[in-house]
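Listing of query-v5.csv; format and content: CSV, C-alpha atoms and all ligand atoms.
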```
chain,number,residue,atom,x,y,z
A,474,MET,CA,-28.9,2.9,-13.4
A,475,GLN,CA,-29.4,5.4,-10.6
A,476,ILE,CA,-27.6,5.8,-7.3
A,477,ASP,CA,-29.1,8.0,-4.6
A,478,CYS,CA,-27.7,9.0,-1.2
A,479,LEU,CA,-30.5,8.6,1.3
A,480,SER,CA,-28.7,10.9,3.8
A,481,CYS,CA,-28.0,14.1,1.9
A,482,GLY,CA,-29.8,13.3,-1.4
A,483,LYS,CA,-27.7,15.7,-3.3
A,484,SER,CA,-24.7,13.8,-4.5
A,485,ASN,CA,-24.3,11.9,-7.7
A,486,GLU,CA,-20.7,10.7,-6.9
A,487,PHE,CA,-20.1,7.6,-4.8
A,488,LEU,CA,-17.0,5.8,-3.6
A,489,LEU,CA,-16.4,2.0,-3.7
A,490,PRO,CA,-13.3,0.3,-2.2
A,491,LEU,CA,-11.7,-2.2,-4.6
A,492,TRP,CA,-8.9,-4.7,-4.0
A,493,VAL,CA,-6.1,-4.8,-6.6
A,494,SER,CA,-3.0,-6.9,-7.0
A,495,THR,CA,0.0,-4.7,-7.3
A,496,THR,CA,3.4,-5.6,-8.7
A,497,PHE,CA,6.1,-3.4,-7.3
A,498,LYS,CA,9.9,-3.2,-7.1
A,499,PHE,CA,12.4,-1.9,-4.5
A,500,ASN,CA,14.5,0.9,-6.0
A,501,GLU,CA,18.2,1.2,-5.1
A,502,ASP,CA,17.3,3.8,-2.5
A,503,ASP,CA,14.7,1.4,-1.0
A,504,THR,CA,11.8,3.5,-2.3
A,505,LEU,CA,9.0,1.6,-4.1
A,506,SER,CA,7.9,1.8,-7.8
A,507,ILE,CA,4.7,0.3,-9.0
A,508,LEU,CA,5.0,-1.8,-12.2
A,509,HIS,CA,1.5,-3.2,-12.6
A,510,VAL,CA,-2.0,-3.0,-11.1
A,511,LYS,CA,-4.6,-5.7,-11.7
A,512,PRO,CA,-8.2,-5.6,-10.3
A,513,LEU,CA,-9.0,-8.6,-8.1
A,514,GLU,CA,-12.7,-7.9,-8.0
A,515,SER,CA,-15.2,-7.2,-10.8
A,516,LEU,CA,-17.1,-4.0,-10.3
A,517,GLU,CA,-20.2,-5.6,-12.0
A,518,ASP,CA,-20.2,-8.3,-9.4
A,519,LYS,CA,-19.7,-5.9,-6.5
A,520,LEU,CA,-22.6,-3.7,-7.7
A,521,THR,CA,-25.0,-6.6,-7.8
A,522,ASP,CA,-23.9,-8.1,-4.5
A,523,ASN,CA,-25.9,-6.9,-1.4
A,524,ASN,CA,-22.9,-7.1,1.0
A,525,SER,CA,-20.7,-5.1,-1.4
A,526,ILE,CA,-23.3,-2.5,-1.9
A,527,ARG,CA,-23.0,-1.6,1.7
A,528,GLU,CA,-19.4,-0.6,1.1
A,529,ILE,CA,-20.5,2.1,-1.3
A,530,SER,CA,-20.4,5.6,0.4
A,531,CYS,CA,-21.5,9.0,-0.7
A,532,LYS,CA,-18.6,11.2,-1.7
A,533,GLU,CA,-20.4,14.3,-0.4
A,534,CYS,CA,-21.4,13.2,3.1
A,535,GLY,CA,-19.7,9.8,3.6
A,536,SER,CA,-23.0,8.0,4.4
A,537,ASN,CA,-23.4,4.3,3.5
A,538,GLU,CA,-27.1,4.7,3.2
A,539,VAL,CA,-27.2,4.4,-0.6
A,540,ASP,CA,-29.9,3.2,-2.9
A,541,ILE,CA,-29.2,1.7,-6.3
A,542,VAL,CA,-31.8,1.3,-8.9
A,543,PHE,CA,-31.0,-0.7,-12.0
A,544,ASN,CA,-32.5,0.4,-15.2
A,545,GLU,CA,-33.5,-2.4,-17.5
A,546,TYR,CA,-33.1,-0.2,-20.6
A,547,GLU,CA,-29.7,1.0,-19.5
A,548,ASN,CA,-27.8,0.4,-22.8
A,549,GLN,CA,-30.6,1.5,-25.2
A,550,ASP,CA,-31.1,4.9,-26.5
A,551,ASP,CA,-34.2,7.0,-25.7
A,552,ASP,CA,-36.2,6.2,-28.8
A,553,GLU,CA,-35.9,2.5,-28.2
A,554,VAL,CA,-36.9,2.9,-24.5
A,555,SER,CA,-40.0,5.0,-25.4
A,556,ALA,CA,-40.9,2.4,-28.1
A,557,LEU,CA,-40.6,-0.4,-25.6
A,558,GLU,CA,-42.5,1.5,-22.9
A,559,GLY,CA,-45.3,2.2,-25.4
A,560,LEU,CA,-45.9,-1.5,-25.9
B,624,MET,CA,18.0,-5.3,0.4
B,625,GLN,CA,14.7,-5.3,2.3
B,626,LEU,CA,13.0,-8.6,1.3
B,627,ILE,CA,14.1,-11.8,-0.4
B,628,CYS,CA,12.4,-14.8,-2.0
B,629,HIS,CA,13.8,-18.1,-0.7
B,630,ASP,CA,13.0,-20.0,-3.9
B,631,CYS,CA,14.6,-17.8,-6.6
B,632,TRP,CA,16.6,-15.3,-4.5
B,633,ASN,CA,14.8,-12.3,-6.1
B,634,TYR,CA,15.1,-9.3,-3.9
B,635,THR,CA,13.6,-6.7,-6.2
B,636,TYR,CA,10.2,-7.6,-7.6
B,637,PHE,CA,7.2,-8.5,-5.4
B,638,GLU,CA,3.4,-8.7,-5.5
B,639,VAL,CA,0.9,-7.6,-2.9
B,640,ASP,CA,-2.9,-7.1,-2.6
B,641,VAL,CA,-3.9,-3.6,-1.8
B,642,GLU,CA,-7.2,-1.8,-1.3
B,643,THR,CA,-7.9,1.3,-3.4
B,644,LEU,CA,-10.9,3.5,-4.1
B,645,ARG,CA,-13.0,4.0,-7.2
B,646,GLU,CA,-15.6,6.5,-7.9
B,647,LEU,CA,-19.0,5.8,-9.3
B,648,LYS,CA,-20.7,8.6,-11.0
B,649,GLU,CA,-24.0,9.0,-12.8
B,650,ASP,CA,-23.8,10.8,-16.0
B,651,SER,CA,-27.0,11.1,-18.0
B,652,GLY,CA,-28.2,7.7,-17.0
B,653,GLN,CA,-24.9,6.0,-17.6
B,654,LEU,CA,-22.6,4.7,-14.9
B,655,VAL,CA,-19.1,6.2,-15.1
B,656,ILE,CA,-16.3,4.5,-13.1
B,657,GLN,CA,-13.2,6.6,-12.6
B,658,ASP,CA,-10.4,7.6,-10.2
B,659,THR,CA,-11.7,9.8,-7.4
B,660,LYS,CA,-10.3,13.3,-7.1
B,661,PHE,CA,-10.6,16.1,-4.6
B,662,ASP,CA,-9.9,19.3,-6.6
B,663,ASP,CA,-6.9,18.2,-8.6
B,664,PHE,CA,-5.7,15.6,-6.1
B,665,ASN,CA,-6.0,12.0,-7.3
B,666,TYR,CA,-7.1,10.3,-4.1
B,667,SER,CA,-7.3,6.8,-5.8
B,668,HIS,CA,-3.6,7.0,-6.8
B,669,SER,CA,-2.5,8.4,-3.4
B,670,MET,CA,-4.4,5.7,-1.5
B,671,LEU,CA,-2.9,2.9,-3.6
B,672,ARG,CA,0.6,4.3,-3.0
B,673,ASP,CA,0.0,4.8,0.8
B,674,ASN,CA,-1.5,1.4,1.3
B,675,LEU,CA,1.3,-0.3,-0.6
B,676,ASN,CA,3.9,1.5,1.4
B,677,ASP,CA,2.1,0.7,4.7
B,678,ILE,CA,1.8,-3.0,4.0
B,679,VAL,CA,5.5,-3.3,2.9
B,680,GLN,CA,6.7,-1.4,5.9
B,681,TYR,CA,4.5,-3.5,8.2
B,682,VAL,CA,5.9,-6.8,6.7
B,683,ILE,CA,9.5,-5.5,7.1
B,684,LYS,CA,8.9,-4.4,10.7
B,685,GLN,CA,6.9,-7.4,11.8
B,686,ASN,CA,8.6,-10.0,9.7
B,687,GLY,CA,7.7,-13.0,12.1
B,688,ALA,CA,4.1,-11.9,12.5
B,689,ALA,CA,3.7,-11.6,8.7
B,690,LEU,CA,4.7,-15.2,8.3
B,691,ILE,CA,2.5,-18.3,8.6
B,692,TRP,CA,3.6,-21.9,8.8
B,693,ASP,CA,2.6,-24.0,5.9
B,694,PRO,CA,2.5,-27.7,7.0
B,695,GLU,CA,2.4,-29.0,3.4
B,696,SER,CA,5.6,-27.4,2.2
B,697,LYS,CA,7.0,-27.4,5.8
B,698,SER,CA,8.1,-23.8,5.5
B,699,TYR,CA,7.1,-20.3,6.5
B,700,GLN,CA,5.1,-18.4,4.0
B,701,ASN,CA,4.5,-14.7,3.8
B,702,ASN,CA,0.8,-13.9,4.4
B,703,TYR,CA,0.9,-10.6,2.4
B,704,ILE,CA,3.8,-10.5,-0.1
B,705,SER,CA,4.7,-12.9,-2.8
B,706,CYS,CA,7.6,-13.1,-5.3
B,707,ALA,CA,6.7,-11.5,-8.7
B,708,ARG,CA,9.4,-13.7,-10.4
B,709,CYS,CA,8.4,-17.2,-9.4
B,710,GLY,CA,5.1,-16.7,-7.4
B,711,SER,CA,6.5,-18.2,-4.2
B,712,ASN,CA,5.2,-17.0,-0.8
B,713,LYS,CA,8.5,-17.8,0.9
B,714,VAL,CA,9.3,-14.1,1.2
B,715,THR,CA,11.1,-12.8,4.3
B,716,LYS,CA,13.6,-10.2,5.4
B,717,PRO,CA,17.1,-11.3,4.5
B,718,TYR,CA,18.5,-13.5,7.3
B,719,SER,CA,21.6,-11.3,7.6
B,720,LEU,CA,19.4,-8.3,8.5
B,721,TRP,CA,17.2,-10.2,10.8
B,722,HIS,CA,20.1,-11.4,12.9
B,723,SER,CA,22.6,-8.6,12.4
B,724,ASN,CA,24.9,-8.3,15.5
B,725,ARG,CA,22.8,-10.8,17.4
B,726,HIS,CA,25.9,-13.1,17.8
B,727,GLN,CA,27.7,-10.7,20.1
B,728,SER,CA,26.6,-9.4,23.5
B,729,LEU,CA,25.6,-5.8,23.9
B,730,ASP,CA,28.5,-5.3,26.5
B,731,LYS,CA,31.1,-6.4,23.9
B,732,GLU,CA,29.5,-4.2,21.3
B,733,LEU,CA,29.6,-1.2,23.6
B,734,LEU,CA,33.2,-1.9,24.5
B,735,ALA,CA,34.3,-2.3,20.9
B,736,ASN,CA,32.7,1.1,20.0
B,737,GLN,CA,33.9,3.0,23.1
B,738,LYS,CA,36.7,4.9,21.3
B,739,GLU,CA,34.3,5.9,18.5
B,740,PHE,CA,31.8,7.2,21.1
B,741,THR,CA,34.5,9.2,23.0
B,742,GLU,CA,35.5,10.9,19.7
B,743,LEU,CA,31.8,11.7,19.0
B,744,ARG,CA,31.4,13.3,22.4
B,745,ARG,CA,34.6,15.3,21.9
B,746,GLU,CA,33.4,16.5,18.5
B,747,LYS,CA,30.1,17.5,20.0
B,748,LYS,CA,31.9,19.5,22.7
B,749,TYR,CA,33.8,21.6,20.2
B,750,ALA,CA,31.3,21.6,17.4
B,751,ASP,CA,30.1,25.1,18.0
B,752,ARG,CA,33.6,26.7,18.3
B,753,LEU,CA,35.5,28.2,15.5
B,754,PRO,CA,39.1,27.1,14.9
B,755,VAL,CA,41.6,29.3,16.8
B,756,LEU,CA,43.9,30.9,14.2
B,757,TRP,CA,46.0,33.1,16.4
B,758,LYS,CA,46.3,33.8,20.1
B,759,GLU,CA,44.7,37.0,21.3
B,760,GLN,CA,47.3,39.4,22.9
A,801,ZN,ZN,-24.7,11.9,0.9
A,802,ZN,ZN,10.9,-16.2,-6.3
```
Can I see the file as C-alpha cells?
Amino acid sequence: MQIDCLSCGKSNEFLLPLWVSTTFKFNEDDTLSILHVKPLESLEDKLTDNNSIREISCKECGSNEVDIVFNEYENQDDDEVSALEGL
Amino acid sequence: MQLICHDCWNYTYFEVDVETLRELKEDSGQLVIQDTKFDDFNYSHSMLRDNLNDIVQYVIKQNGAALIWDPESKSYQNNYISCARCGSNKVTKPYSLWHSNRHQSLDKELLANQKEFTELRREKKYADRLPVLWKEQ
C-alpha cells in the first residue's frame, strides 16, 4: 500500500480522524479521568471507503489531496512477489 | 456532582463518543497506524482529552440543549453522554444544581446577603493597610 500527497509530494505521514467511545469518571475535584477507549470505526473500512479517504490529510502540508494505491502483494515477502510477477 | 443518571443514580462513570486522530505511515511498503506526535508531544492523546473535556463542559453548560425528547420512553435523553453503569441516556445535571436559588427572588437574595456584602466592602477598604500597633506621637 502506498499513500501519496498530491500537493507537496514529500510526506509519508498522514492523519485520519477516528471516532472512539470513551469511558470516563468525574474525580472528586471535578476533573476527568479516562478509564477506557474503544474504537467505533474500523480503520480497514475507512481506508476502503471513498468518503472516508477524503478525511485523510497530509501531516506535512495539511492537504486532503491524497492518493492511495493498494498493493495486491502487500502481505507477501519480496521473493514471493517476484515469483508471482514472473508468471 | 456534575451529572447524574436518572435510572441508577450513578454520578461518577459516564460514556461519550469523541473524535481523535490517528497517523498513517508508510514504512517499507507496510502501513503503520500509530498516535500522531509533533516532536515529543502526543497530539492524539491531547486531542482526545481536549475533545472529551469540551463535550462534557458543553453538556453541563447547555444541559437543556443537550437533551432530546424520546417519545417511546416519554423522557428526556442525553444526546451525547450515557451512563457507564447501566447504559441509560437519561443523564442530566442534578436537579438541585439546575434550580439552585431559583425559588427566591433576586431582591430577597440581595437583601439577605446585604450584611455580608457590607463586610466585604469594609474588608476591601482596609485590605492594603497594616494593623496600627501604636499611635505615633
Ligand atoms: Zn502534503
Ligand atoms: Zn445509570
Problem - Among the residues B:Ile627, B:Leu690, B:Gln680, B:Cys706, the one that comes closest to ligand ZN 802 (chain A) [using all atoms listed in the file] - result: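 Of B:Ile627, B:Leu690, B:Gln680, B:Cys706, the one nearest ligand ZN 802 (chain A), counting all atoms listed in the file, is B:Cys706.
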In Å and to one decimal, CA of Thr643 in chain B is distant from CA of Glu501 in chain A by 26.2 Å
Q. Which chains and residue numbers are within 7 Å of ligand ZN 801 (chain A), counting all atoms listed in the file, if I want them as a list in words?
A.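 Those within range of ligand ZN 801 (chain A) are Cys478, Leu479, Ser480, Cys481, Gly482, Lys483, Ser484, Cys531, Lys532, Glu533, Cys534, Gly535 and Ser536 of chain A.
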Write the residues you've just listed into a file as an mmCIF file, in the frame of the given file, and include C-alpha atoms for each of them.
```cif
data_model
loop_
_atom_site.group_PDB
_atom_site.id
_atom_site.type_symbol
_atom_site.label_atom_id
_atom_site.label_comp_id
_atom_site.auth_asym_id
_atom_site.auth_seq_id
_atom_site.Cartn_x
_atom_site.Cartn_y
_atom_site.Cartn_z
ATOM 1 C CA CYS A 478 -27.700 9.000 -1.200
ATOM 2 C CA LEU A 479 -30.500 8.600 1.300
ATOM 3 C CA SER A 480 -28.700 10.900 3.800
ATOM 4 C CA CYS A 481 -28.000 14.100 1.900
ATOM 5 C CA GLY A 482 -29.800 13.300 -1.400
ATOM 6 C CA LYS A 483 -27.700 15.700 -3.300
ATOM 7 C CA SER A 484 -24.700 13.800 -4.500
ATOM 8 C CA CYS A 531 -21.500 9.000 -0.700
ATOM 9 C CA LYS A 532 -18.600 11.200 -1.700
ATOM 10 C CA GLU A 533 -20.400 14.300 -0.400
ATOM 11 C CA CYS A 534 -21.400 13.200 3.100
ATOM 12 C CA GLY A 535 -19.700 9.800 3.600
ATOM 13 C CA SER A 536 -23.000 8.000 4.400
#
```
inquiry  = Considering all atoms listed in the file, can you say which of B:His629, B:Lys713, B:Lys648, B:His668 comes closest to Asn485 in chain A?
reply    =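 Closest to Asn485 in chain A, using all atoms listed in the file: B:Lys648.
Summary of the local environment: counting only C-alpha atoms, residues at most 9 Å from range 700-705 of chain B, other than itself and those fewer than 5 positions away along its chain, are Cys628, Phe637, Glu638, Val639, Asp640, Ile678, Val679, Val682, Asn686, Ala688, Ala689, Leu690, Ile691, Trp692, Asp693, Gly710, Ser711, Asn712, Lys713, Val714 and Thr715 of chain B.
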- Task: Dump as a list in words the residues of chain A that approach chain B to within 7 Å, counting all atoms listed in the file.
- Result: Met474, Gln475, Asn485, Glu486, Phe487, Leu488, Leu489, Pro490, Leu491, Trp492, Val493, Ser494, Thr495, Thr496, Phe497, Lys498 and Phe499 of chain A
>> Please determine, counting all atoms listed in the file, which residue among B:Met670, B:Glu695, B:Phe664, B:Arg708 has the shortest atom-to-atom distance to ligand ZN 802 (chain A).
In response: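 For ligand ZN 802 (chain A), the nearest of the candidates is B:Arg708.
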Using only C-alpha atoms and all ligand atoms, the residue out of B:Lys697, B:Glu732, B:Arg752, B:Trp632 with shortest distance to ligand ZN 802 (chain A) is B:Trp632
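If you measure from each of B:Cys709, B:Ser669, B:Pro717, B:Gln685 to ligand ZN 802 (chain A) using only C-alpha atoms and all ligand atoms, the closest one turns out to be B:Cys709.
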